[in-house]
>>> print(open('entry.pdb').read())   # PDB, C-alpha atoms
ATOM      1  CA  MET I   1       0.000   0.000   0.000
ATOM      2  CA  THR I   2       2.839   2.366   0.915
ATOM      3  CA  TYR I   3       4.481   1.601  -2.421
ATOM      4  CA  ILE I   4       1.300   2.558  -4.309
ATOM      5  CA  LYS I   5       0.990   5.834  -2.368
ATOM      6  CA  THR I   6       4.600   6.654  -3.177
ATOM      7  CA  ILE I   7       3.991   6.065  -6.914
ATOM      8  CA  LEU I   8       0.874   8.294  -6.851
ATOM      9  CA  PHE I   9       2.778  11.052  -5.056
ATOM     10  CA  VAL I  10       5.592  10.981  -7.632
ATOM     11  CA  PHE I  11       3.022  11.078 -10.448
ATOM     12  CA  ILE I  12       1.282  14.153  -8.971
ATOM     13  CA  LEU I  13       4.614  15.941  -8.571
ATOM     14  CA  SER I  14       5.440  15.141 -12.203
ATOM     15  CA  VAL I  15       2.139  16.643 -13.390
ATOM     16  CA  PHE I  16       2.770  19.881 -11.507
ATOM     17  CA  ALA I  17       6.332  19.979 -12.815
ATOM     18  CA  LEU I  18       5.146  19.629 -16.400
ATOM     19  CA  GLY I  19       2.632  22.388 -15.893
ATOM     20  CA  SER I  20       5.393  24.775 -14.881
ATOM     21  CA  THR I  21       7.736  24.101 -17.810
ATOM     22  CA  PRO I  22       8.398  26.895 -20.330
ATOM     23  CA  GLU I  23       6.524  24.985 -23.068
ATOM     24  CA  ASN I  24       3.282  25.398 -21.156
ATOM     25  CA  LYS I  25       3.668  29.060 -20.324
ATOM     26  CA  LYS I  26       1.566  31.650 -22.109
ATOM     27  CA  SER I  27       2.859  32.953 -25.412
ATOM     28  CA  PRO I  28       4.182  36.538 -25.612
ATOM     29  CA  SER I  29       1.042  37.565 -27.531
ATOM     30  CA  SER I  30      -1.274  36.361 -24.751
ATOM     31  CA  SER I  31       0.487  38.559 -22.193
ATOM     32  CA  LEU I  32      -0.276  41.747 -24.151
ATOM     33  CA  LYS I  33      -3.297  43.861 -23.371
ATOM     34  CA  ARG I  34      -6.172  43.809 -25.837
ATOM     35  CA  GLU I  35      -5.707  47.506 -26.587
ATOM     36  CA  GLN I  36      -2.060  46.846 -27.521
ATOM     37  CA  VAL I  37      -3.142  44.140 -29.968
ATOM     38  CA  ARG I  38      -5.844  46.435 -31.380
ATOM     39  CA  THR I  39      -3.305  49.205 -31.886
ATOM     40  CA  ALA I  40      -0.950  46.803 -33.665
ATOM     41  CA  GLU I  41      -3.781  45.598 -35.919
ATOM     42  CA  ARG I  42      -4.752  49.170 -36.781
ATOM     43  CA  GLN I  43      -1.164  50.113 -37.564
ATOM     44  CA  LEU I  44      -0.674  47.008 -39.713
ATOM     45  CA  ALA I  45      -3.881  47.796 -41.607
ATOM     46  CA  ASP I  46      -2.731  51.386 -42.153
ATOM     47  CA  LEU I  47       0.539  50.017 -43.557
ATOM     48  CA  GLY I  48      -1.399  47.907 -46.070
ATOM     49  CA  TYR I  49      -1.298  44.487 -44.423
ATOM     50  CA  TRP I  50      -4.420  42.316 -44.685
ATOM     51  CA  THR I  51      -5.532  42.216 -41.046
ATOM     52  CA  GLY I  52      -9.256  41.562 -41.047
ATOM     53  CA  PRO I  53     -11.317  43.207 -38.268
ATOM     54  CA  VAL I  54      -9.374  45.516 -35.956
ATOM     55  CA  ASP I  55     -10.777  44.065 -32.743
ATOM     56  CA  GLY I  56      -7.836  43.439 -30.449
ATOM     57  CA  VAL I  57      -7.878  39.696 -31.086
ATOM     58  CA  LEU I  58      -4.844  38.136 -32.732
ATOM     59  CA  ASP I  59      -6.859  35.697 -34.836
ATOM     60  CA  ALA I  60      -5.783  33.714 -37.906
ATOM     61  CA  VAL I  61      -6.103  36.743 -40.208
ATOM     62  CA  SER I  62      -4.145  39.231 -38.092
ATOM     63  CA  HIS I  63      -1.626  36.453 -37.403
ATOM     64  CA  GLN I  64      -0.949  36.197 -41.142
ATOM     65  CA  ALA I  65      -0.724  39.985 -41.377
ATOM     66  CA  LEU I  66       1.951  39.929 -38.694
ATOM     67  CA  ILE I  67       3.875  37.226 -40.565
ATOM     68  CA  ALA I  68       3.669  39.291 -43.766
ATOM     69  CA  PHE I  69       5.013  42.313 -41.871
ATOM     70  CA  GLN I  70       7.878  40.295 -40.412
ATOM     71  CA  LYS I  71       8.772  38.962 -43.862
ATOM     72  CA  MET I  72       8.615  42.400 -45.445
ATOM     73  CA  GLU I  73      10.836  43.929 -42.771
ATOM     74  CA  GLY I  74      13.378  41.089 -42.847
ATOM     75  CA  ARG I  75      12.429  39.926 -39.373
ATOM     76  CA  THR I  76      12.029  36.293 -38.301
ATOM     77  CA  PRO I  77       8.461  35.304 -39.316
ATOM     78  CA  THR I  78       7.359  33.863 -35.970
ATOM     79  CA  GLY I  79       3.810  35.212 -36.028
ATOM     80  CA  ARG I  80       4.264  36.143 -32.354
ATOM     81  CA  LEU I  81       3.354  39.646 -31.244
ATOM     82  CA  THR I  82       5.856  40.808 -28.636
ATOM     83  CA  GLY I  83       6.851  44.175 -27.235
ATOM     84  CA  GLU I  84       9.712  44.254 -29.723
ATOM     85  CA  GLU I  85       7.341  43.601 -32.620
ATOM     86  CA  LEU I  86       4.994  46.329 -31.363
ATOM     87  CA  GLU I  87       7.862  48.820 -31.532
ATOM     88  CA  ALA I  88       8.851  47.653 -35.012
ATOM     89  CA  ILE I  89       5.274  48.019 -36.285
ATOM     90  CA  ALA I  90       4.898  51.480 -34.749
ATOM     91  CA  SER I  91       8.055  52.765 -36.470
ATOM     92  CA  ALA I  92       7.540  51.064 -39.856
ATOM     93  CA  GLN I  93       6.870  52.867 -43.138
ATOM     94  CA  ARG I  94       4.212  51.820 -45.631
ATOM     95  CA  PRO I  95       5.781  49.506 -48.253
ATOM     96  CA  GLN I  96       6.081  50.870 -51.788
ATOM     97  CA  ALA I  97       5.401  49.035 -55.014
ATOM     98  CA  ARG I  98       8.472  48.056 -57.005
ATOM     99  CA  ASP I  99       6.645  49.207 -60.141
ATOM    100  CA  ALA I 100       4.278  51.945 -58.992
ATOM    101  CA  GLY I 101       1.676  53.891 -60.940
ATOM    102  CA  TYR I 102      -0.807  51.282 -62.139
ATOM    103  CA  ARG I 103      -2.988  48.383 -60.950
ATOM    104  CA  HIS I 104      -1.210  45.024 -60.690
ATOM    105  CA  VAL I 105       0.108  42.340 -58.340
ATOM    106  CA  GLU I 106       3.713  41.934 -57.255
ATOM    107  CA  ILE I 107       5.140  38.694 -55.870
ATOM    108  CA  ASP I 108       8.506  39.050 -54.172
ATOM    109  CA  ILE I 109      10.103  35.603 -54.189
ATOM    110  CA  ASP I 110      12.895  36.571 -51.782
ATOM    111  CA  LYS I 111      10.559  38.013 -49.169
ATOM    112  CA  GLN I 112       7.739  35.535 -49.856
ATOM    113  CA  ILE I 113       5.053  38.195 -49.925
ATOM    114  CA  LEU I 114       2.345  39.338 -52.352
ATOM    115  CA  MET I 115       1.359  42.974 -52.805
ATOM    116  CA  PHE I 116      -1.806  44.097 -54.558
ATOM    117  CA  ILE I 117      -1.352  47.567 -56.041
ATOM    118  CA  ASN I 118      -4.597  49.469 -56.666
ATOM    119  CA  ASP I 119      -5.670  51.796 -59.494
ATOM    120  CA  ASN I 120      -3.825  54.687 -57.849
ATOM    121  CA  GLY I 121      -0.587  52.719 -57.881
ATOM    122  CA  GLU I 122      -0.598  52.311 -54.093
ATOM    123  CA  VAL I 123       0.045  49.122 -52.120
ATOM    124  CA  ALA I 124      -3.447  48.224 -50.873
ATOM    125  CA  LYS I 125      -3.103  44.611 -49.711
ATOM    126  CA  ILE I 126      -0.102  42.619 -48.495
ATOM    127  CA  LEU I 127      -0.186  38.865 -47.888
ATOM    128  CA  PRO I 128       2.362  36.198 -46.971
ATOM    129  CA  VAL I 129       2.830  33.534 -49.636
ATOM    130  CA  SER I 130       4.650  30.288 -50.241
ATOM    131  CA  THR I 131       6.080  29.768 -53.724
ATOM    132  CA  GLY I 132       7.984  27.011 -55.518
ATOM    133  CA  SER I 133      10.479  25.167 -53.340
ATOM    134  CA  GLY I 134      13.051  24.791 -56.110
ATOM    135  CA  LYS I 135      13.209  21.043 -55.432
ATOM    136  CA  LYS I 136      12.660  18.258 -57.930
ATOM    137  CA  TYR I 137       9.442  16.253 -57.564
ATOM    138  CA  SER I 138       7.928  13.065 -58.937
ATOM    139  CA  GLU I 139       4.257  12.752 -58.043
ATOM    140  CA  ASN I 140       1.144  11.314 -59.696
ATOM    141  CA  GLY I 141       3.090  10.450 -62.824
ATOM    142  CA  MET I 142       4.533  13.950 -63.143
ATOM    143  CA  LYS I 143       8.166  14.999 -62.812
ATOM    144  CA  GLY I 144       9.669  18.435 -62.675
ATOM    145  CA  THR I 145      11.219  21.177 -60.596
ATOM    146  CA  ALA I 146       9.051  23.152 -58.195
ATOM    147  CA  TYR I 147       9.738  26.554 -59.711
ATOM    148  CA  THR I 148       7.678  29.740 -59.760
ATOM    149  CA  PRO I 149       8.378  31.564 -63.050
ATOM    150  CA  ARG I 150       9.705  35.123 -62.843
ATOM    151  CA  GLY I 151       8.854  38.002 -65.103
ATOM    152  CA  ARG I 152       5.848  40.061 -66.166
ATOM    153  CA  ILE I 153       2.845  37.882 -66.786
ATOM    154  CA  ARG I 154      -0.939  38.172 -67.063
ATOM    155  CA  VAL I 155      -3.750  36.198 -65.457
ATOM    156  CA  TYR I 156      -5.080  34.121 -68.355
ATOM    157  CA  ALA I 157      -7.774  31.994 -66.683
ATOM    158  CA  LYS I 158      -9.619  31.571 -63.389
ATOM    159  CA  ALA I 159     -11.839  29.142 -61.521
ATOM    160  CA  SER I 160     -14.229  29.459 -58.602
ATOM    161  CA  GLY I 161     -14.195  27.186 -55.558
ATOM    162  CA  TRP I 162     -11.957  24.133 -55.471
ATOM    163  CA  LYS I 163     -10.173  23.049 -58.637
ATOM    164  CA  LYS I 164      -8.374  19.722 -58.901
ATOM    165  CA  SER I 165      -4.928  19.775 -60.495
ATOM    166  CA  PRO I 166      -2.499  16.901 -61.125
ATOM    167  CA  LEU I 167      -0.474  17.985 -58.082
ATOM    168  CA  GLY I 168      -3.206  18.952 -55.639
ATOM    169  CA  MET I 169      -6.295  21.020 -54.939
ATOM    170  CA  LEU I 170      -6.404  24.748 -55.691
ATOM    171  CA  TYR I 171      -8.893  27.153 -54.110
ATOM    172  CA  PHE I 172     -10.108  30.000 -56.349
ATOM    173  CA  PRO I 173      -7.050  29.747 -58.633
ATOM    174  CA  ASN I 174      -5.882  32.649 -60.788
ATOM    175  CA  TYR I 175      -3.744  31.048 -63.503
ATOM    176  CA  PHE I 176      -0.821  33.053 -64.828
ATOM    177  CA  SER I 177       1.679  30.571 -66.284
ATOM    178  CA  ASP I 178       1.028  27.098 -67.726
ATOM    179  CA  GLY I 179      -1.231  25.846 -64.929
ATOM    180  CA  ILE I 180       0.609  27.752 -62.203
ATOM    181  CA  ALA I 181      -1.716  29.953 -60.184
ATOM    182  CA  ILE I 182      -2.184  32.297 -57.275
ATOM    183  CA  HIS I 183      -4.578  30.292 -55.120
ATOM    184  CA  GLY I 184      -5.804  29.656 -51.613
ATOM    185  CA  ASN I 185      -4.346  26.816 -49.585
ATOM    186  CA  PRO I 186      -4.935  25.772 -45.957
ATOM    187  CA  ALA I 187      -1.154  25.509 -45.533
ATOM    188  CA  VAL I 188       0.970  28.580 -46.274
ATOM    189  CA  PRO I 189       4.420  27.888 -44.802
ATOM    190  CA  THR I 190       6.739  30.813 -44.131
ATOM    191  CA  ASP I 191       9.235  29.461 -46.678
ATOM    192  CA  PRO I 192       8.922  28.280 -50.331
ATOM    193  CA  GLN I 193       7.266  24.855 -50.336
ATOM    194  CA  SER I 194       4.819  24.716 -53.252
ATOM    195  CA  HIS I 195       5.173  22.913 -56.581
ATOM    196  CA  GLY I 196       5.375  26.317 -58.287
ATOM    197  CA  CYS I 197       2.055  27.947 -57.480
ATOM    198  CA  VAL I 198       1.747  30.992 -55.248
ATOM    199  CA  ARG I 199      -0.138  29.907 -52.140
ATOM    200  CA  ILE I 200      -2.098  32.545 -50.257
ATOM    201  CA  PRO I 201      -4.145  32.177 -47.029
ATOM    202  CA  MET I 202      -7.649  30.799 -47.482
ATOM    203  CA  PHE I 203      -9.382  33.853 -45.991
ATOM    204  CA  ALA I 204      -8.070  36.080 -48.801
ATOM    205  CA  SER I 205      -8.784  33.733 -51.712
ATOM    206  CA  VAL I 206     -12.257  34.892 -52.748
ATOM    207  CA  GLU I 207     -11.536  38.619 -52.566
ATOM    208  CA  MET I 208      -8.191  38.205 -54.294
ATOM    209  CA  SER I 209      -9.980  36.397 -57.105
ATOM    210  CA  LYS I 210     -12.305  39.393 -57.476
ATOM    211  CA  LEU I 211      -9.325  41.757 -57.553
ATOM    212  CA  LEU I 212      -7.627  39.781 -60.349
ATOM    213  CA  PRO I 213      -9.809  39.584 -63.473
ATOM    214  CA  VAL I 214      -8.424  37.858 -66.550
ATOM    215  CA  GLY I 215      -5.772  40.104 -68.058
ATOM    216  CA  SER I 216      -4.465  41.401 -64.722
ATOM    217  CA  ILE I 217      -0.719  42.073 -64.678
ATOM    218  CA  VAL I 218       1.388  39.947 -62.333
ATOM    219  CA  LEU I 219       5.041  40.788 -61.653
ATOM    220  CA  VAL I 220       7.103  37.972 -60.143
ATOM    221  CA  TYR I 221      10.677  38.807 -59.163
ATOM    222  CA  ASP I 222      13.630  38.112 -56.906
ATOM    223  CA  SER I 223      16.896  39.950 -56.260
ATOM    224  CA  GLN I 224      18.267  38.828 -59.633
ATOM    225  CA  SER I 225      15.252  39.490 -61.804
ATOM    226  CA  PHE I 226      12.775  42.283 -62.345
ATOM    227  CA  VAL I 227      10.897  43.440 -65.419
ATOM    228  CA  SER I 228       8.644  46.487 -65.411
ATOM    229  CA  ALA I 229       5.215  46.293 -67.038
ATOM    230  CA  LYS I 230       4.487  50.014 -67.199
ATOM    231  CA  ASP I 231       4.387  49.834 -71.000
ATOM    232  CA  TRP I 232       1.742  47.107 -70.751
ATOM    233  CA  ALA I 233      -0.244  49.289 -68.367
ATOM    234  CA  GLU I 234      -0.079  52.190 -70.835
ATOM    235  CA  VAL I 235      -1.379  49.965 -73.633
ATOM    236  CA  ASP I 236      -4.219  48.771 -71.383
ATOM    237  CA  LYS I 237      -5.060  52.385 -70.516
ATOM    238  CA  ASP I 238      -5.148  53.392 -74.177
ATOM    239  CA  LYS I 239      -7.404  50.457 -75.016
ATOM    240  CA  GLN I 240      -9.743  51.352 -72.181
ATOM    241  CA  LEU I 241      -9.914  54.991 -73.269
ATOM    242  CA  GLY I 242     -10.498  53.902 -76.863
ATOM    243  CA  SER I 243     -13.314  51.618 -75.787
ATOM    244  CA  ILE I 244     -14.963  54.403 -73.799
ATOM    245  CA  GLY I 245     -14.612  56.783 -76.758
ATOM    246  CA  ALA I 246     -16.207  54.254 -79.108
ATOM    247  CA  GLN I 247     -19.207  53.866 -76.776
ATOM    248  CA  GLU I 248     -19.717  57.646 -76.661
TER     249      GLU I 248
END
>>> encode(input="entry.pdb", output="structure tokens")
Amino acid sequence: MTYIKTILFVFILSVFALGSTPENKKSPSSSLKREQVRTAERQLADLGYWTGPVDGVLDAVSHQALIAFQKMEGRTPTGRLTGEELEAIASAQRPQARDAGYRHVEIDIDKQILMFINDNGEVAKILPVSTGSGKKYSENGMKGTAYTPRGRIRVYAKASGWKKSPLGMLYFPNYFSDGIAIHGNPAVPTDPQSHGCVRIPMFASVEMSKLLPVGSIVLVYDSQSFVSAKDWAEVDKDKQLGSIGAQE
């Protein structure tokens, strides 16, 4: 009987010990006041990051906005809101488009972020993405290298809802290069891990699809490659003005 009591006592001590380990302590974000989180959300939204409701709750949407901010600023993309991150957000400047002045999307491969630039040429939405891993793959009878093409490209086709592809399921895909698309995915790692597509968070998929009609300009670049599409934008503008003139 004494032996059993001793075992139970050791077990109880172990439970309390586990409960006090660092792994079970609250995260840095949970120790912040709600007003601090709300302020951070508001500041991120003002900077162009896709935050969702500014309500003082670090939910899945504002979490992704924080990751996008950390990527953009060259910080470690932990998704944790700490006092240090609060200071960084408060002192940050609104990101600028690499090719300003017209409506388009920019995908920065190095930073793993997507920026939607509105009709005024301003950065209106910023999302974290995961692009091609650069690794070779052999799946479902297909072989290749998981590469996201660089350059100036246009959205050539779209689909609503889920679309099955040979290498997986795509949510509201916006195709821009031989089956490669900007699309929603439940998993958007902080590093490049796709087969070549540009994964974006699920919550942004439907609205992003609305923002990218067929013909939309997509710029994909890294530190070694960049091509402006301002001449394309000028041609599009002339066509639009010509169409309006014809209707009048």
>>> closest_residue(input="entry.pdb", among="I:Asn174, I:Asp119, I:Pro128, I:Ser225", to="Lys237 in chain I", atoms="all atoms listed in the file")
I:Asp119
>>> residues_around(input="entry.pdb", residues="Val220 in chain I", least_positions_apart="6", cutoff="10 Å", atoms="only C-alpha atoms", output="PyMOL selection string")
chain I and resi 105-109+114+148-153+226-227
>>> resolve_selection(input="entry.pdb", expression="the PyMOL selection byres ((chain I and resi 192) around 8)", output="VMD selection string")
chain I and resid 112 130 to 134 189 to 191 193 to 194
>>> residues_near_point(input="entry.pdb", point="(-2.4, 48.4, -70.9)", cutoff="12 Å", atoms="only C-alpha atoms", output="PyMOL selection string")
chain I and resi 102-104+154+215-217+229-242
>>> resolve_selection(input="entry.pdb", expression="the PyMOL selection byres ((chain I and resi 55) around 8)", output="list in words")
Arg38, Glu41, Pro53, Val54, Gly56 and Val57 of chain I
>>> closest_residue(input="entry.pdb", among="I:Tyr171, I:Gly141, I:Val214, I:Ser209", to="Val155 in chain I", atoms="only C-alpha atoms")
I:Val214
>>> resolve_selection(input="entry.pdb", expression="the PyMOL selection byres ((chain I and resi 46) around 12)", output="list in words")
Thr39, Ala40, Glu41, Arg42, Gln43, Leu44, Ala45, Leu47, Gly48, Tyr49, Trp50, Thr51, Gly52, Val54, Ala65, Phe69, Ile89, Ala90, Ala92, Gln93, Arg94, Pro95, Val123, Ala124, Lys125 and Ile126 of chain I
>>> closest_residue(input="entry.pdb", among="I:Lys33, I:Lys135, I:Leu212, I:Asp110", to="Tyr147 in chain I", atoms="all atoms listed in the file")
I:Lys135
>>> closest_residue(input="entry.pdb", among="I:Leu66, I:Ala187, I:Leu167, I:Ala100", to="Leu219 in chain I", atoms="all atoms listed in the file")
I:Ala100
>>> residues_around(input="entry.pdb", residues="Glu73 in chain I", least_positions_apart="3", cutoff="9 Å", atoms="only C-alpha atoms", output="PyMOL selection string")
chain I and resi 68-70+76+88+92+111
>>> residues_around(input="entry.pdb", residues="Lys158 in chain I", least_positions_apart="6", cutoff="12 Å", atoms="only C-alpha atoms", output="ChimeraX atom specification")
/I:170-177,179-183,205-206,208-216
>>> decode(input="entry.pdb", residues="range 129-140 of chain I", atoms="N, CA and C atoms", output="PDB file, in the first residue's frame")
ATOM      1  N   VAL I 129       3.043  34.601 -48.663  1.00  0.00           N
ATOM      2  CA  VAL I 129       2.830  33.534 -49.636  1.00  0.00           C
ATOM      3  C   VAL I 129       3.872  32.442 -49.448  1.00  0.00           C
ATOM      4  N   SER I 130       3.640  31.340 -50.133  1.00  0.00           N
ATOM      5  CA  SER I 130       4.650  30.288 -50.241  1.00  0.00           C
ATOM      6  C   SER I 130       4.722  29.902 -51.705  1.00  0.00           C
ATOM      7  N   THR I 131       5.903  30.030 -52.298  1.00  0.00           N
ATOM      8  CA  THR I 131       6.080  29.768 -53.724  1.00  0.00           C
ATOM      9  C   THR I 131       6.872  28.477 -53.941  1.00  0.00           C
ATOM     10  N   GLY I 132       7.296  28.252 -55.171  1.00  0.00           N
ATOM     11  CA  GLY I 132       7.984  27.011 -55.518  1.00  0.00           C
ATOM     12  C   GLY I 132       9.235  26.759 -54.686  1.00  0.00           C
ATOM     13  N   SER I 133       9.373  25.528 -54.240  1.00  0.00           N
ATOM     14  CA  SER I 133      10.479  25.167 -53.340  1.00  0.00           C
ATOM     15  C   SER I 133      11.827  25.087 -54.042  1.00  0.00           C
ATOM     16  N   GLY I 134      11.804  24.946 -55.371  1.00  0.00           N
ATOM     17  CA  GLY I 134      13.051  24.791 -56.110  1.00  0.00           C
ATOM     18  C   GLY I 134      13.545  23.350 -56.132  1.00  0.00           C
ATOM     19  N   LYS I 135      12.799  22.454 -55.487  1.00  0.00           N
ATOM     20  CA  LYS I 135      13.209  21.043 -55.432  1.00  0.00           C
ATOM     21  C   LYS I 135      12.583  20.254 -56.579  1.00  0.00           C
ATOM     22  N   LYS I 136      13.222  19.152 -56.916  1.00  0.00           N
ATOM     23  CA  LYS I 136      12.660  18.258 -57.930  1.00  0.00           C
ATOM     24  C   LYS I 136      11.565  17.409 -57.287  1.00  0.00           C
ATOM     25  N   TYR I 137      10.535  17.081 -58.081  1.00  0.00           N
ATOM     26  CA  TYR I 137       9.442  16.253 -57.564  1.00  0.00           C
ATOM     27  C   TYR I 137       9.050  15.190 -58.593  1.00  0.00           C
ATOM     28  N   SER I 138       8.464  14.129 -58.094  1.00  0.00           N
ATOM     29  CA  SER I 138       7.928  13.065 -58.937  1.00  0.00           C
ATOM     30  C   SER I 138       6.667  12.561 -58.246  1.00  0.00           C
ATOM     31  N   GLU I 139       5.531  13.061 -58.690  1.00  0.00           N
ATOM     32  CA  GLU I 139       4.257  12.752 -58.043  1.00  0.00           C
ATOM     33  C   GLU I 139       3.166  12.547 -59.076  1.00  0.00           C
ATOM     34  N   ASN I 140       2.309  11.568 -58.834  1.00  0.00           N
ATOM     35  CA  ASN I 140       1.144  11.314 -59.696  1.00  0.00           C
ATOM     36  C   ASN I 140       1.524  11.239 -61.177  1.00  0.00           C
TER      37      ASN I 140
END
